[in-house]
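Participant: Okay, here's the structure, questions in a sec.
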Amino acid sequence: MATAQKMGSVDESEDSYALDHEDEEVLTPETCHNTMLLAELSHDVIQQLLLLRHRAGIQYTNVGNNVLLSLSSNQDAPSPAVQSEFEQRQLFESRAHPFALAEHVTCNIRRMALNQAVVFMGNSPAGKSQAFRDFMRYLTNHANPFKKSYSATVLEALRTTHEALHLFSTTYGEEGQIENSITNSELIFDVTGSPIGARINSVLIGSWKSHRRTVSSESNFAIFYFLLERAPDSLVAQLGLTREPADYAILTTYDSLPAMHYAMEFPELVMKLRDLGLREREVDHMWSVLAAIIHLGQITFEHDLQSKAKVAPGSNIDKIAGLLLMEPAELYRFLLYRELTVGAEYTEVHLTVAEAEGELQRVVRGMAESVFYWLVHKANCVLRVTSGPLHYGRLSSLSIVNAPAFKDEGRNSLGELLTNYISESLHHSYLQGSIRRHQELYAKDGLPWTPVRFQSNRMVLELVGQPFKGMISILDEGNIAAGFVTDRMFYQAIKAKLTDNKHFLHHSPPNIDHCYFTLNHIWKPVSYYVDGFLEQNDMKSHVELKELILTTSQNFVSRESLGGDSRLENSIIVDYFRSLTQKEPSGRSGGGRQIQLPETETLGSRVKSLVGDLMKSLEKRETYFVYCLDADAPMSELGPTLEKMCLLEVTLKSQSGFVLSLPYSRFLARYKMLTQYTWPNFRGKGDVQAIKVLLHMLGVMESCAFGHQMLHVHSQEALAQLELMRASLLTAVIKFMQKMWRGAIARKRFRVFYAMFKIVRKFRAWKFKTYLISLVKKFGSVHEQPDLGKSIEWPQPPCSLEKFHLKLHNTFRRWRLRQRLKSVPEDEWPEIRIKIAAMEILAKQRPDLGVNRRWKANYLGLTSEHDQAATYLSSVSEILAEDNSTDIVFSSFARKVSPRRGKASSRAFLWTDKCLYKLDQKNDFKLLKSWDLSEVCGVSVTRGADQLLALHTRGARDIVMCLVDARLENRVPELVAGLCVAYRRNAAAAGGGQAAAELKVTVVDDLVVRCSIKQVPHSIVVVGSSESKPQFRKEHGVKQWTLYWPNLA
């Protein structure tokens, strides 16, 4: 540690700090970035350390483990810093800076999923705005470790929202920027440490500047000056504005104030608003509403003949109505009249000048605040988390609080009271989180601990925010009470209830304008004037507009969509003005205010609710505070301020306290991987023994303390050593755990699949067994049935047995056929096969197949057919011997068409399984011509009783004939079936496919057969005849032959 044996004296002659030059070498800024490094501690030593660092150009100093102190002046340039020098570094390893704090909280979220909070307090001139922007910029660039696009969108949208809201809530005073709102932004992270959404809760507290021009040391909100100075000339002219703020009553001239510095230009702001989900017409109408607020400040009233209010000449009513998308007559009615309800009757009351001016001020304030809350709502719609923990895993959050500074403007009002109440509440949380909470934890866990005493401000908080007794509760009672309530009545109420409190001092001058009370805040006593308290606390006059803006999706209306000079009747501003014209009949005058019976939210209750929720949230989080103090303040103020911040107490607690406190089970689960004795499981007795072994092996036992239920790590270096060792082993441990886990999942999946397959096998066996049993039951006695089981319905087979079922069915049919064939002699089986083939080929196309007679096939070898059967057989045997053919398919006499002669001739034909032979029946059946059976590609017959047959060949030289016999029997089906069977047998022997094994058979319905004779298309027409023998005749002039068949119907 650095030492400080001798500290310089303090010179207060010019309200500034001074140190002896000889001491500047003893305590250098570079070695004292944290007050914990001081060997000797006192308020003077800490104060001089801060001065040394400020004089050396170092703005930030760490105080203990969770406080970052900024000491800066308005003229100081921001401390230069490069973000890369803070990456992957511990808080104690880096110099004090918001970048280091941002890196620390993001590492805690990624490593331990801690819920944390960062609170920014102090004045913007002292560097608070710069510190907040640096913190948010580092978060935007480094809080997305996996470079997820959605996380980058969330971070950029959150940063954009803060920059936009800064313009709507910041004013400028003699000391520079002044925050007038408290904003709590909760950033949500998933289990990987990547942002997935955010929620912004903000309350605008700053006092609204009157529309009357008054001497003020503070400007109005910066957004109005930004609109006048940075907007394009075309937009300024369209809104009817000028570039000079001095031309408008609500804009205080700031010639004597420091120049306003804007973080962005006008096009950049418009682009950022579009990124928040605002449509172009919504942005345009927002500028119109802001311009209307500026113009409304120019309206003045004067007395008419009846001492009532009228709008003074020169007020640009038409322009304001156009900006608000309403009719000028409605705007006049709103400015001058109100509706009163008396029983069931309504009456319109003309306002006085004082009433009209008061109503105008409240509505203008409500319109400006509504735009602010509307932007907050739009941002929350973009930043909301779309899914829950089931999708993202365990969620963690980071709460970022930007609070206004403590205020004392001399004549303070309600806005300053609420601002100081927020400052006191956050200071109380600072004391609780930095000192008291840790001390209670150490005492509860049985550690030897000397309590560090500090000054608490709990009494001041109860004085303002205590339920039913505090000032805010008394003020809210005045706002919601029925009847006529004045500011003096409120003053009398708090004086009666709070007189006994030593922090409250009342003053009662006769004039209400001078009634004030003094509160002894922890920083200093502040006086508050009660004039206007009730009016400023009341939010009923503009709550309707806020609710409409927050709930409607069509917030603003595009002027271009209206067309011409028309105005939209249901404009949100029109509805707002109409709702304000209805009032209760009580009336108002002077310092009183009109009270409506329905209870609504007040500014005080809203602030107290936000502060209460914030305090509860901070109690459950690891909280870090960024305190920003003005180095230009006189020593008489800055010295006591540093003392009341309890910097000495925080440092003492941090030096002798602990940087980490975890339950034994959680500590062991986090660090047990560091030694082989505790990984994966410790075999000794209990977690405490395991942790002792772990710490002893790592050499950090002296930096830790054992409590009743928790282990406490005292040294930042020891904690960093543990974290670095854990980070180095974490990758290997994750791979090992992934291997084991994936192995476990694979084994479990294997068992599931094995069980599933076993069940499937058993189920299939059961289904097969059931199927076979059903078959046995159905077909067990089928041989005894007359139809041999033809009428039995087959059971439905399982899907896996479909092919088996088909084969079994075919086998059963063959068995039935075999049983039927047992009564037929075997020498007749070839005839039956041919008849079956004929039925398959021609049964549905040719009615008469002649199956009732015997099919002899070789009819020419029968003596019953002709007398030359012996001659035929002798000739045929020689022919078959030459061609090596033995199987005769068919033989018959026929009349064949002879194209050369132009007439038909009688011939004998013989069909074998290989060839077709034409024989001369008049010359001892001499062979005239033969055709190979493979040349035949088709057969055409008619569906009648005629015996016409056309054999189609591949060379388009078809053979046309008709079979003849003495009895005129139907023998064509027998011939066609024999040819098809022989054709299949030859194709199967040659190895042809199923298509090649089929002979194409054509059966014509119109008794006209088309064929090609000598490659010339012809048609054969069959007609009936009275002759006893069939005859062919050639028709002259056409390619047609006619077959005259005897007795053809």
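We label chains A, B, ... in the order they appear in the structure tokens, count residues from 1 in each chain, and number ligands from 1 in the order shown.
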Give me the residues near A:Leu618 as a list in words, where near means some atom within 12 Å (using only C-alpha atoms) and where sequence neighbours in that chain fewer than 5 positions away do not count.

Facilitator: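 Residues meeting the cut-off are Asn115, Gln116, Ala117, Val118, Val119, Asn184, Glu186, Ser397, Leu398, Ser399, Ile400, Val401, Ser425, Leu426, His427, His428, Ser429, Tyr430, Leu431, Gln432, Gly433, Ser434, Arg437, Val611, Gly612, Asp613, Thr623, Tyr624 and Phe625 of chain A.
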
Participant: Residues at most 8 Å from stretch 197-202 of chain A, counting only C-alpha atoms, excluding those fewer than 4 positions away in the same chain, as a ChimeraX atom specification?

Facilitator: /A:151,154,158,181-189,373,376,379-380,383-386,610

Participant: Run DSSP on the backbone of this structure and report the residues of stretch 660-871 of chain A it assigns to strand (DSSP E), as a list in words.

Facilitator: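 Result set for stretch 660-871 of chain A (strand (DSSP E)): Leu660, Ser661, Leu662, Pro663, Cys704, Ala705, Phe706, Met710, Leu711, His712 and Val713 of chain A.
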
Participant: Mind dumping the selected residues with all heavy atoms as an mmCIF file, in the first residue's frame?

Facilitator:
```cif
data_model
loop_
_atom_site.group_PDB
_atom_site.id
_atom_site.type_symbol
_atom_site.label_atom_id
_atom_site.label_comp_id
_atom_site.auth_asym_id
_atom_site.auth_seq_id
_atom_site.Cartn_x
_atom_site.Cartn_y
_atom_site.Cartn_z
ATOM 1 N N LEU A 660 -16.224 -10.377 -1.098
ATOM 2 C CA LEU A 660 -17.145 -11.422 -1.551
ATOM 3 C C LEU A 660 -17.609 -12.232 -0.354
ATOM 4 O O LEU A 660 -16.796 -12.635 0.482
ATOM 5 C CB LEU A 660 -16.474 -12.354 -2.569
ATOM 6 C CG LEU A 660 -17.339 -13.500 -3.111
ATOM 7 C CD1 LEU A 660 -18.482 -12.949 -3.939
ATOM 8 C CD2 LEU A 660 -16.509 -14.483 -3.916
ATOM 9 N N SER A 661 -18.914 -12.444 -0.264
ATOM 10 C CA SER A 661 -19.514 -13.279 0.775
ATOM 11 C C SER A 661 -20.489 -14.229 0.102
ATOM 12 O O SER A 661 -21.472 -13.790 -0.505
ATOM 13 C CB SER A 661 -20.234 -12.420 1.824
ATOM 14 O OG SER A 661 -19.328 -11.534 2.458
ATOM 15 N N LEU A 662 -20.203 -15.522 0.216
ATOM 16 C CA LEU A 662 -21.036 -16.539 -0.429
ATOM 17 C C LEU A 662 -21.310 -17.680 0.545
ATOM 18 O O LEU A 662 -20.446 -18.019 1.370
ATOM 19 C CB LEU A 662 -20.355 -17.115 -1.667
ATOM 20 C CG LEU A 662 -20.324 -16.259 -2.930
ATOM 21 C CD1 LEU A 662 -19.580 -16.999 -4.034
ATOM 22 C CD2 LEU A 662 -21.720 -15.900 -3.391
ATOM 23 N N PRO A 663 -22.494 -18.281 0.478
ATOM 24 C CA PRO A 663 -22.738 -19.495 1.262
ATOM 25 C C PRO A 663 -21.744 -20.591 0.882
ATOM 26 O O PRO A 663 -21.239 -20.638 -0.246
ATOM 27 C CB PRO A 663 -24.183 -19.874 0.880
ATOM 28 C CG PRO A 663 -24.800 -18.609 0.403
ATOM 29 C CD PRO A 663 -23.697 -17.827 -0.239
ATOM 30 N N CYS A 704 -9.199 -15.285 3.676
ATOM 31 C CA CYS A 704 -10.598 -15.680 3.809
ATOM 32 C C CYS A 704 -10.951 -15.841 5.282
ATOM 33 O O CYS A 704 -10.085 -16.098 6.129
ATOM 34 C CB CYS A 704 -10.885 -16.983 3.058
ATOM 35 S SG CYS A 704 -10.515 -16.912 1.284
ATOM 36 N N ALA A 705 -12.239 -15.678 5.560
ATOM 37 C CA ALA A 705 -12.755 -15.852 6.917
ATOM 38 C C ALA A 705 -13.983 -16.741 6.856
ATOM 39 O O ALA A 705 -14.792 -16.639 5.926
ATOM 40 C CB ALA A 705 -13.088 -14.502 7.552
ATOM 41 N N PHE A 706 -14.143 -17.599 7.881
ATOM 42 C CA PHE A 706 -15.243 -18.556 7.920
ATOM 43 C C PHE A 706 -16.286 -18.060 8.917
ATOM 44 O O PHE A 706 -15.984 -17.816 10.090
ATOM 45 C CB PHE A 706 -14.745 -19.946 8.330
ATOM 46 C CG PHE A 706 -13.905 -20.600 7.287
ATOM 47 C CD1 PHE A 706 -12.552 -20.301 7.158
ATOM 48 C CD2 PHE A 706 -14.462 -21.511 6.404
ATOM 49 C CE1 PHE A 706 -11.768 -20.902 6.197
ATOM 50 C CE2 PHE A 706 -13.684 -22.122 5.434
ATOM 51 C CZ PHE A 706 -12.337 -21.818 5.318
ATOM 52 N N MET A 710 -21.424 -18.675 5.856
ATOM 53 C CA MET A 710 -20.863 -18.121 4.627
ATOM 54 C C MET A 710 -19.346 -18.040 4.749
ATOM 55 O O MET A 710 -18.793 -17.958 5.844
ATOM 56 C CB MET A 710 -21.438 -16.726 4.333
ATOM 57 C CG MET A 710 -22.944 -16.661 4.284
ATOM 58 S SD MET A 710 -23.561 -14.998 3.979
ATOM 59 C CE MET A 710 -23.175 -14.829 2.250
ATOM 60 N N LEU A 711 -18.713 -18.038 3.552
ATOM 61 C CA LEU A 711 -17.283 -17.788 3.467
ATOM 62 C C LEU A 711 -17.084 -16.369 2.951
ATOM 63 O O LEU A 711 -17.731 -15.947 1.980
ATOM 64 C CB LEU A 711 -16.620 -18.783 2.511
ATOM 65 C CG LEU A 711 -15.109 -18.570 2.340
ATOM 66 C CD1 LEU A 711 -14.375 -19.072 3.571
ATOM 67 C CD2 LEU A 711 -14.599 -19.259 1.091
ATOM 68 N N HIS A 712 -16.167 -15.631 3.570
ATOM 69 C CA HIS A 712 -15.927 -14.233 3.227
ATOM 70 C C HIS A 712 -14.497 -14.090 2.731
ATOM 71 O O HIS A 712 -13.548 -14.496 3.415
ATOM 72 C CB HIS A 712 -16.158 -13.336 4.446
ATOM 73 C CG HIS A 712 -17.499 -13.552 5.086
ATOM 74 N ND1 HIS A 712 -18.602 -12.804 4.736
ATOM 75 C CD2 HIS A 712 -17.913 -14.442 6.030
ATOM 76 C CE1 HIS A 712 -19.641 -13.213 5.457
ATOM 77 N NE2 HIS A 712 -19.244 -14.204 6.249
ATOM 78 N N VAL A 713 -14.347 -13.505 1.531
ATOM 79 C CA VAL A 713 -13.035 -13.269 0.936
ATOM 80 C C VAL A 713 -12.664 -11.814 1.174
ATOM 81 O O VAL A 713 -13.411 -10.900 0.791
ATOM 82 C CB VAL A 713 -13.044 -13.586 -0.575
ATOM 83 C CG1 VAL A 713 -11.662 -13.369 -1.172
ATOM 84 C CG2 VAL A 713 -13.506 -15.021 -0.806
#
```

Participant: Excluding A:Leu927 and residues on its chain fewer than 5 positions from it, collect all residues at most 12 Å away from it, counting only C-alpha atoms, and give them as a list in words.

Facilitator: Tyr872, Ser875, Val876, Ser877, Glu878, Ile879, Leu880, Glu882, Arg907, Ala908, Phe909, Leu910, Leu916, Tyr917, Lys918, Leu919, Asp920, Gln921 and Lys922 of chain A

Participant: Now that the selection is made, can you save its residues with N, CA, C and O atoms as a tab-separated table (two decimals), in the first residue's frame?

Facilitator:
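So result_19.tsv came out as:
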```
chain	number	residue	atom	x	y	z
A	872	TYR	N	-51.56	-84.89	-94.08
A	872	TYR	CA	-51.18	-83.68	-93.32
A	872	TYR	C	-50.17	-84.02	-92.22
A	872	TYR	O	-49.15	-83.32	-92.06
A	875	SER	N	-46.73	-84.70	-93.70
A	875	SER	CA	-46.05	-83.47	-94.16
A	875	SER	C	-45.60	-82.61	-92.99
A	875	SER	O	-44.49	-82.05	-92.98
A	876	VAL	N	-46.44	-82.55	-91.98
A	876	VAL	CA	-46.12	-81.68	-90.83
A	876	VAL	C	-44.95	-82.26	-90.05
A	876	VAL	O	-44.10	-81.50	-89.54
A	877	SER	N	-44.86	-83.55	-89.93
A	877	SER	CA	-43.74	-84.14	-89.20
A	877	SER	C	-42.41	-83.80	-89.85
A	877	SER	O	-41.41	-83.56	-89.16
A	878	GLU	N	-42.39	-83.78	-91.19
A	878	GLU	CA	-41.16	-83.39	-91.86
A	878	GLU	C	-40.83	-81.93	-91.61
A	878	GLU	O	-39.67	-81.54	-91.40
A	879	ILE	N	-41.85	-81.10	-91.64
A	879	ILE	CA	-41.61	-79.65	-91.42
A	879	ILE	C	-41.11	-79.40	-90.01
A	879	ILE	O	-40.16	-78.63	-89.78
A	880	LEU	N	-41.73	-80.06	-89.04
A	880	LEU	CA	-41.32	-79.84	-87.64
A	880	LEU	C	-39.93	-80.39	-87.39
A	880	LEU	O	-39.18	-79.84	-86.57
A	882	GLU	N	-37.47	-80.44	-89.55
A	882	GLU	CA	-36.52	-79.48	-90.10
A	882	GLU	C	-36.34	-78.27	-89.18
A	882	GLU	O	-35.23	-77.76	-89.01
A	907	ARG	N	-56.33	-71.93	-97.84
A	907	ARG	CA	-55.05	-72.44	-97.43
A	907	ARG	C	-55.21	-73.16	-96.09
A	907	ARG	O	-56.22	-73.03	-95.39
A	908	ALA	N	-54.16	-73.92	-95.74
A	908	ALA	CA	-54.09	-74.58	-94.44
A	908	ALA	C	-52.96	-73.89	-93.65
A	908	ALA	O	-51.86	-73.66	-94.20
A	909	PHE	N	-53.25	-73.60	-92.37
A	909	PHE	CA	-52.27	-72.90	-91.54
A	909	PHE	C	-51.95	-73.72	-90.32
A	909	PHE	O	-52.83	-74.34	-89.72
A	910	LEU	N	-50.66	-73.67	-90.01
A	910	LEU	CA	-50.15	-74.39	-88.84
A	910	LEU	C	-49.35	-73.43	-87.96
A	910	LEU	O	-48.42	-72.77	-88.45
A	916	LEU	N	-45.12	-69.78	-87.90
A	916	LEU	CA	-46.42	-69.88	-88.55
A	916	LEU	C	-46.17	-70.37	-89.97
A	916	LEU	O	-45.35	-69.81	-90.71
A	917	TYR	N	-46.91	-71.47	-90.35
A	917	TYR	CA	-46.70	-72.09	-91.66
A	917	TYR	C	-47.97	-72.00	-92.48
A	917	TYR	O	-49.08	-72.25	-91.97
A	918	LYS	N	-47.76	-71.63	-93.76
A	918	LYS	CA	-48.87	-71.64	-94.73
A	918	LYS	C	-48.68	-72.85	-95.65
A	918	LYS	O	-47.63	-72.99	-96.32
A	919	LEU	N	-49.71	-73.71	-95.68
A	919	LEU	CA	-49.64	-74.98	-96.43
A	919	LEU	C	-50.65	-74.98	-97.57
A	919	LEU	O	-51.72	-74.34	-97.46
A	920	ASP	N	-50.25	-75.71	-98.60
A	920	ASP	CA	-51.16	-75.86	-99.76
A	920	ASP	C	-51.96	-77.12	-99.56
A	920	ASP	O	-51.45	-78.24	-99.66
A	921	GLN	N	-53.25	-76.96	-99.26
A	921	GLN	CA	-54.09	-78.12	-98.96
A	921	GLN	C	-54.42	-78.95	-100.20
A	921	GLN	O	-54.81	-80.11	-100.10
A	922	LYS	N	-54.23	-78.35	-101.35
A	922	LYS	CA	-54.53	-79.09	-102.58
A	922	LYS	C	-53.32	-79.86	-103.11
A	922	LYS	O	-53.44	-80.65	-104.03
```

Participant: Which is closer to A:Lys835 than all the others in A:Asn852, A:Gln738, A:Ser823, A:Ser774, using only C-alpha atoms?

Facilitator: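 Of A:Asn852, A:Gln738, A:Ser823, A:Ser774, the one nearest A:Lys835, counting only C-alpha atoms, is A:Asn852.
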
Participant: Quick one, how far is atom CA of A:Leu674 from atom CA of A:Leu694?

Facilitator: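 About the pair atom CA of A:Leu674 and atom CA of A:Leu694: they are 7.5 Å apart.
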
Participant: Which is closer to A:Ser1026 than all the others in A:Phe490, A:His142, A:Ala100, A:Asn1047, using only C-alpha atoms?

Facilitator: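 Smallest separation from A:Ser1026 among the options: A:Asn1047.
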